[in-house]
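Visitor: First the structure, then my questions, so here it is.
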Protein chains: 2
Amino acid sequence: MLDINILGSGNAGQVPVWGCHCVACERARLDTSFQRGPCSLEIRTELGVTLIDAGVTNLAERYDFDDIQRIILTHFHMDHVQGLFHLRWSERPEKIPVFRPDDEKGADDLYKHPGVLDFQPPFVPFQTMEFKDFSITPLPLLHSKITLGYLIERQGICVAYLTDTVGLPDSTQRFLSNKTLDYLILDCSEPPTPSAPRNHNDINLALWTYNTLEPKQMILTHISHRLDCWLMEHADTLPSNMHIAKDGMHIVSI
Amino acid sequence: MLDINILGSGNAGQVPVWGCHCVACERARLDTSFQRGPCSLEIRTELGVTLIDAGVTNLAERYDFDDIQRIILTHFHMDHVQGLFHLRWSERPEKIPVFRPDDEKGADDLYKHPGVLDFQPPFVPFQTMEFKDFSITPLPLLHSKITLGYLIERQGICVAYLTDTVGLPDSTQRFLSNKTLDYLILDCSEPPTPSAPRNHNDINLALWTYNTLEPKQMILTHISHRLDCWLMEHADTLPSNMHIAKDGMHIVSI
Ligand SMILES: [Mn+2]
Ligand SMILES: [Mn+2]
Ligand SMILES: [Mn+2]
Ligand SMILES: [Mn+2]
Ligand SMILES: [Zn+2]
Ligand SMILES: [Zn+2]
C-alpha cells in the first residue's frame, strides 16, 4: 500500500492571504475547502508516513510521533520547513530522519538545535535512494535556494513532485524525458505572465513542461491567490488531464 | 480601555509536547484548556491590538489585518517570531510597525524579505516609547539571544513582561526596584532545579525575583510540560498572589 496525498497546495502567502479581499481569498474564507496551506505532500505506506516538506505548522496535531517515518525536504525556504521548529522539541529518544538537499545553511538554527530531527547526509542528485517502501530520486530544480524535486517510484508507477521551480534544469528535463510519468505534480504559482516569473512557474511555463514531458496526469500546486482568481475564469481552458491541487487531495494509491 | 491577555503561555516545545505521554501532556490532550502555545501577550486598546511576540502560527486566523496596530518583539528565537513568516506575505499597502531589540541578524530571512512588516529602528534599553494608547520601556534580559522585557504603563498602572530570561541583569533589577509593579509576568520554564538553568528561570529563580521586586501580583509564563507536572503536585506551595499563566488568560483591564 502506498497513498500519495496533497497536504498543502498553497504558496508562501497561502490562501486566503492575510488581509486580502480578492474573490479567491473571500471564497476560501467562506468555504474552507478552498483554503491552501504551505505546499507539501504526504506519502502513506504500510511503514508509516513520509512527509515531503514540513511547512504546515500544526503537524504535531495532525500526526502522532510514531506515525512519522521520515521527512524529505525540497529546500530550506521557511514555507517548506517552518513546521519543524515545533516538532524538533519532542523529547522522544527515537530520532526522525530528515533528508535534504546539499544546503549548508539550512534555515535559522535548525542545524544547530535539531532536537529530535536527524538530518541525513545531503542527497546526491539523480542517485536513487531505495527505502523499504518506495524509491526516490532527487532531481535538481531552478529556484532561489538549492532545491530538489523528487521522482517517487513503486511497482512501476512513477510520480514526479517538482516544487519550487521556474522551468527545469536541462539535466532534470533530460532525465524525466526518458521516464513515463504517471503523475507530474508541478509548481505553478502564477497565472500567465507576460515575461517569465523569477522563482516559480506560471501557467505558460507549466504548459511548456506538460507539452514536453507528456505526463499521463498533471497536477498544479504551490498555487497563489492570483492563480486561483485566474482559474475561477479560465480553468476550462486547461488540458483535460491537468488538475488543480487542493489541500487533502488524494493523488494515487499504489 | 486597555486589556492585557496571555496569548500563549508555553515554552518552545509547547504543551502537549509532540509524542510525550507525561501526565501534563496527556491532560492537555484531553482538555485543550491546558494546552500552551508559544509564549506571547495581547494588548487591546481603543486603537487596536498590540502583540508582544508572534510565535503563534495562526495569527492570520485570529486577527483581521486591520486589527493589528503593531508588533513588539522580545527577541528573535523562532518560538517568538515564527508566526511572522506567514503574515509578512500580506499584500496590503499599509505596513505593520514591528519594534524589536538591537539584533542585527533577526531570524532567517525576515529582514531580507519583510513584506508587510515594517521593522523599526531597534529599541534603546530604558528609553520609554510613548505610544498613543500606552507607554512601554524596554528592559534588558539575560538570555541566549539579545532579549528585551517590557514595562507597560498606563494611568499609573505598571505591568512588567519579562521573558525569556534567567534572572535579571543588575540594571533591570535596579530599574524595577524603583517601581511599584501591579503585575509581573515572568519567565518560569522549569520546576526547581538543583543548579540554576541556562537560559530560563526555574521556580527558585522566579521566587527570588518575587521576593526582591515584591510585585502586587505575579504570573509565571513560558511554562514547560516539566513545570506543569511539578505544579500538579506543588502549586499550593506557591505564594497566594503568584499565578500560573494559561492561554487566553485575562490579566488586567486599565
Ligand atoms: Mn515555496
Ligand atoms: Mn521556495
Ligand atoms: Mn522562548
Ligand atoms: Mn528564547
Ligand atoms: Zn487574495
Ligand atoms: Zn510531557
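Here's how to read the names in the C-alpha cells: chain A, B, ... by the order shown, residue numbers from 1 in each chain, ligand numbers from 1 in the order shown.
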Can you work out which residues from chain A touch chain B at a cut-off of 6 Å (counting only C-alpha atoms) and hand them back as a ChimeraX atom specification?

Guide: /A:13,17-19,60,65,89-90,108

Visitor: Restricting the output to N, CA and C atoms, write the selected residues as a PDB file, in the first residue's frame.

Guide:
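Here's the written file part-v7.pdb:
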```pdb
ATOM      1  N   GLY A  13       2.332  32.713   0.732  1.00  0.00           N
ATOM      2  CA  GLY A  13       1.281  33.572   1.274  1.00  0.00           C
ATOM      3  C   GLY A  13       0.025  32.818   1.661  1.00  0.00           C
ATOM      4  N   VAL A  17      -4.881  34.922   1.631  1.00  0.00           N
ATOM      5  CA  VAL A  17      -3.784  35.800   2.031  1.00  0.00           C
ATOM      6  C   VAL A  17      -4.299  36.731   3.137  1.00  0.00           C
ATOM      7  N   TRP A  18      -3.480  36.932   4.138  1.00  0.00           N
ATOM      8  CA  TRP A  18      -3.899  37.769   5.273  1.00  0.00           C
ATOM      9  C   TRP A  18      -4.288  39.169   4.791  1.00  0.00           C
ATOM     10  N   GLY A  19      -5.504  39.563   5.097  1.00  0.00           N
ATOM     11  CA  GLY A  19      -5.958  40.921   4.766  1.00  0.00           C
ATOM     12  C   GLY A  19      -6.395  41.114   3.329  1.00  0.00           C
ATOM     13  N   ALA A  60       2.154  18.545  14.586  1.00  0.00           N
ATOM     14  CA  ALA A  60       2.059  17.798  15.848  1.00  0.00           C
ATOM     15  C   ALA A  60       0.618  17.407  16.163  1.00  0.00           C
ATOM     16  N   PHE A  65       3.573  11.089  16.856  1.00  0.00           N
ATOM     17  CA  PHE A  65       5.025  10.951  16.680  1.00  0.00           C
ATOM     18  C   PHE A  65       5.353   9.624  15.990  1.00  0.00           C
ATOM     19  N   TRP A  89      11.318  19.822  19.195  1.00  0.00           N
ATOM     20  CA  TRP A  89      11.437  19.784  20.658  1.00  0.00           C
ATOM     21  C   TRP A  89      10.776  18.569  21.285  1.00  0.00           C
ATOM     22  N   SER A  90      10.311  17.638  20.496  1.00  0.00           N
ATOM     23  CA  SER A  90       9.889  16.361  21.070  1.00  0.00           C
ATOM     24  C   SER A  90      11.059  15.779  21.850  1.00  0.00           C
ATOM     25  N   ASP A 108      17.477  29.189   9.656  1.00  0.00           N
ATOM     26  CA  ASP A 108      17.683  29.702  11.018  1.00  0.00           C
ATOM     27  C   ASP A 108      18.580  28.735  11.804  1.00  0.00           C
TER      28      ASP A 108
END
```

Visitor: Taking only C-alpha atoms and all ligand atoms into account, list the residues no farther than 7 Å from ligand 4, as JSON, numbers by chain.

Guide: {"B": [75, 77, 143, 144, 145, 164]}

Visitor: Save the residues we just selected, all heavy atoms, as an mmCIF file, in the first residue's frame?

Guide:
```cif
data_model
loop_
_atom_site.group_PDB
_atom_site.id
_atom_site.type_symbol
_atom_site.label_atom_id
_atom_site.label_comp_id
_atom_site.auth_asym_id
_atom_site.auth_seq_id
_atom_site.Cartn_x
_atom_site.Cartn_y
_atom_site.Cartn_z
ATOM 1 N N HIS B 75 12.639 39.009 21.358
ATOM 2 C CA HIS B 75 13.891 38.526 20.762
ATOM 3 C C HIS B 75 13.546 37.654 19.564
ATOM 4 O O HIS B 75 12.383 37.342 19.322
ATOM 5 C CB HIS B 75 14.744 37.781 21.785
ATOM 6 C CG HIS B 75 14.150 36.511 22.341
ATOM 7 N ND1 HIS B 75 12.905 36.449 22.930
ATOM 8 C CD2 HIS B 75 14.635 35.246 22.390
ATOM 9 C CE1 HIS B 75 12.669 35.209 23.343
ATOM 10 N NE2 HIS B 75 13.691 34.461 23.010
ATOM 11 N N HIS B 77 14.256 34.449 18.764
ATOM 12 C CA HIS B 77 14.127 32.992 18.774
ATOM 13 C C HIS B 77 12.836 32.610 18.048
ATOM 14 O O HIS B 77 11.838 33.318 18.125
ATOM 15 C CB HIS B 77 14.099 32.448 20.213
ATOM 16 C CG HIS B 77 15.464 32.163 20.762
ATOM 17 N ND1 HIS B 77 15.735 32.179 22.107
ATOM 18 C CD2 HIS B 77 16.639 31.847 20.135
ATOM 19 C CE1 HIS B 77 17.022 31.882 22.299
ATOM 20 N NE2 HIS B 77 17.587 31.685 21.111
ATOM 21 N N HIS B 143 19.586 36.160 28.381
ATOM 22 C CA HIS B 143 19.119 35.021 27.595
ATOM 23 C C HIS B 143 20.177 34.701 26.547
ATOM 24 O O HIS B 143 21.171 35.427 26.435
ATOM 25 C CB HIS B 143 17.761 35.406 26.966
ATOM 26 C CG HIS B 143 17.009 34.262 26.389
ATOM 27 N ND1 HIS B 143 16.767 33.102 27.070
ATOM 28 C CD2 HIS B 143 16.422 34.104 25.171
ATOM 29 C CE1 HIS B 143 16.070 32.285 26.293
ATOM 30 N NE2 HIS B 143 15.852 32.864 25.139
ATOM 31 N N SER B 144 19.967 33.680 25.768
ATOM 32 C CA SER B 144 20.980 33.275 24.785
ATOM 33 C C SER B 144 20.938 34.104 23.505
ATOM 34 O O SER B 144 21.774 33.899 22.615
ATOM 35 C CB SER B 144 20.820 31.794 24.473
ATOM 36 O OG SER B 144 19.490 31.505 24.125
ATOM 37 N N LYS B 145 19.980 34.999 23.370
ATOM 38 C CA LYS B 145 19.974 35.998 22.304
ATOM 39 C C LYS B 145 19.730 37.360 22.950
ATOM 40 O O LYS B 145 19.260 37.424 24.084
ATOM 41 C CB LYS B 145 18.826 35.721 21.316
ATOM 42 C CG LYS B 145 19.219 34.882 20.127
ATOM 43 C CD LYS B 145 18.212 35.026 18.987
ATOM 44 C CE LYS B 145 18.445 33.985 17.935
ATOM 45 N NZ LYS B 145 19.254 34.400 16.798
ATOM 46 N N ASP B 164 12.214 36.045 27.338
ATOM 47 C CA ASP B 164 12.832 34.926 28.030
ATOM 48 C C ASP B 164 14.024 35.434 28.835
ATOM 49 O O ASP B 164 14.815 36.221 28.329
ATOM 50 C CB ASP B 164 13.334 33.909 27.013
ATOM 51 C CG ASP B 164 12.207 33.309 26.175
ATOM 52 O OD1 ASP B 164 11.034 33.689 26.337
ATOM 53 O OD2 ASP B 164 12.500 32.465 25.310
#
```

Visitor: Quick one: everything within 9 Å of A:Leu142, counting only C-alpha atoms, minus sequence neighbours fewer than 3 positions away in the same chain. Send it as an mmCIF file with N, CA, C and O atoms, in the first residue's frame.

Guide:
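As a result, out-v8.cif now contains:
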```cif
data_model
loop_
_atom_site.group_PDB
_atom_site.id
_atom_site.type_symbol
_atom_site.label_atom_id
_atom_site.label_comp_id
_atom_site.auth_asym_id
_atom_site.auth_seq_id
_atom_site.Cartn_x
_atom_site.Cartn_y
_atom_site.Cartn_z
ATOM 1 N N LYS A 145 16.887 29.086 -3.920
ATOM 2 C CA LYS A 145 17.726 28.310 -2.996
ATOM 3 C C LYS A 145 18.020 26.974 -3.659
ATOM 4 O O LYS A 145 17.306 26.583 -4.595
ATOM 5 N N ILE A 146 19.017 26.245 -3.147
ATOM 6 C CA ILE A 146 19.294 24.901 -3.659
ATOM 7 C C ILE A 146 18.063 24.043 -3.394
ATOM 8 O O ILE A 146 17.654 23.860 -2.239
ATOM 9 N N THR A 147 17.476 23.528 -4.471
ATOM 10 C CA THR A 147 16.168 22.880 -4.358
ATOM 11 C C THR A 147 16.151 21.573 -5.147
ATOM 12 O O THR A 147 16.692 21.507 -6.247
ATOM 13 N N LEU A 148 15.525 20.566 -4.557
ATOM 14 C CA LEU A 148 15.371 19.275 -5.227
ATOM 15 C C LEU A 148 13.901 18.937 -5.429
ATOM 16 O O LEU A 148 13.083 19.122 -4.521
ATOM 17 N N ASP A 164 9.946 23.861 -5.316
ATOM 18 C CA ASP A 164 9.647 25.081 -6.062
ATOM 19 C C ASP A 164 10.613 25.172 -7.252
ATOM 20 O O ASP A 164 11.813 24.944 -7.095
ATOM 21 N N THR A 165 10.085 25.632 -8.397
ATOM 22 C CA THR A 165 10.942 25.723 -9.571
ATOM 23 C C THR A 165 10.361 26.666 -10.617
ATOM 24 O O THR A 165 9.140 26.848 -10.694
ATOM 25 N N VAL A 166 11.279 27.273 -11.388
ATOM 26 C CA VAL A 166 10.875 28.031 -12.564
ATOM 27 C C VAL A 166 11.505 27.319 -13.762
ATOM 28 O O VAL A 166 12.726 27.304 -13.922
ATOM 29 N N GLY A 167 10.696 26.654 -14.555
ATOM 30 C CA GLY A 167 11.230 25.770 -15.593
ATOM 31 C C GLY A 167 11.960 24.605 -14.946
ATOM 32 O O GLY A 167 11.748 24.299 -13.760
ATOM 33 N N LEU A 168 12.819 23.945 -15.707
ATOM 34 C CA LEU A 168 13.596 22.821 -15.181
ATOM 35 C C LEU A 168 15.019 22.919 -15.730
ATOM 36 O O LEU A 168 15.216 23.335 -16.882
ATOM 37 N N PRO A 169 16.026 22.530 -14.933
ATOM 38 C CA PRO A 169 17.392 22.465 -15.476
ATOM 39 C C PRO A 169 17.426 21.421 -16.606
ATOM 40 O O PRO A 169 16.664 20.448 -16.581
ATOM 41 N N ASN A 199 11.041 32.980 -9.747
ATOM 42 C CA ASN A 199 11.395 31.773 -8.988
ATOM 43 C C ASN A 199 10.372 30.650 -9.052
ATOM 44 O O ASN A 199 10.573 29.606 -8.439
ATOM 45 N N HIS A 200 9.262 30.892 -9.746
ATOM 46 C CA HIS A 200 8.185 29.904 -9.799
ATOM 47 C C HIS A 200 7.587 29.865 -11.199
ATOM 48 O O HIS A 200 7.620 30.864 -11.926
#
```

Visitor: Please list as a PDB file with all heavy atoms, in the first residue's frame every residue within 7 Å of B:Phe119, counting only C-alpha atoms and excluding residues in the same chain fewer than 5 positions away.

Guide:
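Writing the result to around.pdb gives the following:
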```
ATOM      1  N   PRO B  97       4.068  48.253  11.877  1.00  0.00           N
ATOM      2  CA  PRO B  97       5.329  48.529  12.557  1.00  0.00           C
ATOM      3  C   PRO B  97       5.709  47.380  13.493  1.00  0.00           C
ATOM      4  O   PRO B  97       4.865  46.896  14.254  1.00  0.00           O
ATOM      5  CB  PRO B  97       5.057  49.814  13.344  1.00  0.00           C
ATOM      6  CG  PRO B  97       3.594  50.053  13.279  1.00  0.00           C
ATOM      7  CD  PRO B  97       2.986  49.182  12.238  1.00  0.00           C
ATOM      8  N   VAL B  98       6.968  46.948  13.382  1.00  0.00           N
ATOM      9  CA  VAL B  98       7.471  45.886  14.253  1.00  0.00           C
ATOM     10  C   VAL B  98       8.646  46.447  15.056  1.00  0.00           C
ATOM     11  O   VAL B  98       9.661  46.850  14.492  1.00  0.00           O
ATOM     12  CB  VAL B  98       7.917  44.651  13.436  1.00  0.00           C
ATOM     13  CG1 VAL B  98       8.424  43.550  14.374  1.00  0.00           C
ATOM     14  CG2 VAL B  98       6.766  44.125  12.574  1.00  0.00           C
ATOM     15  N   PHE B  99       8.475  46.511  16.368  1.00  0.00           N
ATOM     16  CA  PHE B  99       9.500  47.013  17.272  1.00  0.00           C
ATOM     17  C   PHE B  99      10.312  45.828  17.770  1.00  0.00           C
ATOM     18  O   PHE B  99       9.797  44.726  17.876  1.00  0.00           O
ATOM     19  CB  PHE B  99       8.838  47.785  18.421  1.00  0.00           C
ATOM     20  CG  PHE B  99       8.065  48.975  17.937  1.00  0.00           C
ATOM     21  CD1 PHE B  99       6.734  48.850  17.536  1.00  0.00           C
ATOM     22  CD2 PHE B  99       8.664  50.224  17.854  1.00  0.00           C
ATOM     23  CE1 PHE B  99       6.020  49.948  17.067  1.00  0.00           C
ATOM     24  CE2 PHE B  99       7.960  51.329  17.392  1.00  0.00           C
ATOM     25  CZ  PHE B  99       6.632  51.189  16.996  1.00  0.00           C
TER      26      PHE B  99
END
```

Visitor: Of the candidates B:Asn178, B:Thr137, B:Gln173, B:Thr163, which one gets nearest to B:His222 if we count only C-alpha atoms?

Guide: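 Smallest separation from B:His222 among the options: B:Thr163.
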
Visitor: Can you work out the spacing between atom CA of B:Lys246 and atom CA of B:Arg62 in Å, to one decimal?

Guide: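 Between these atoms lies a distance of 17.2 Å.
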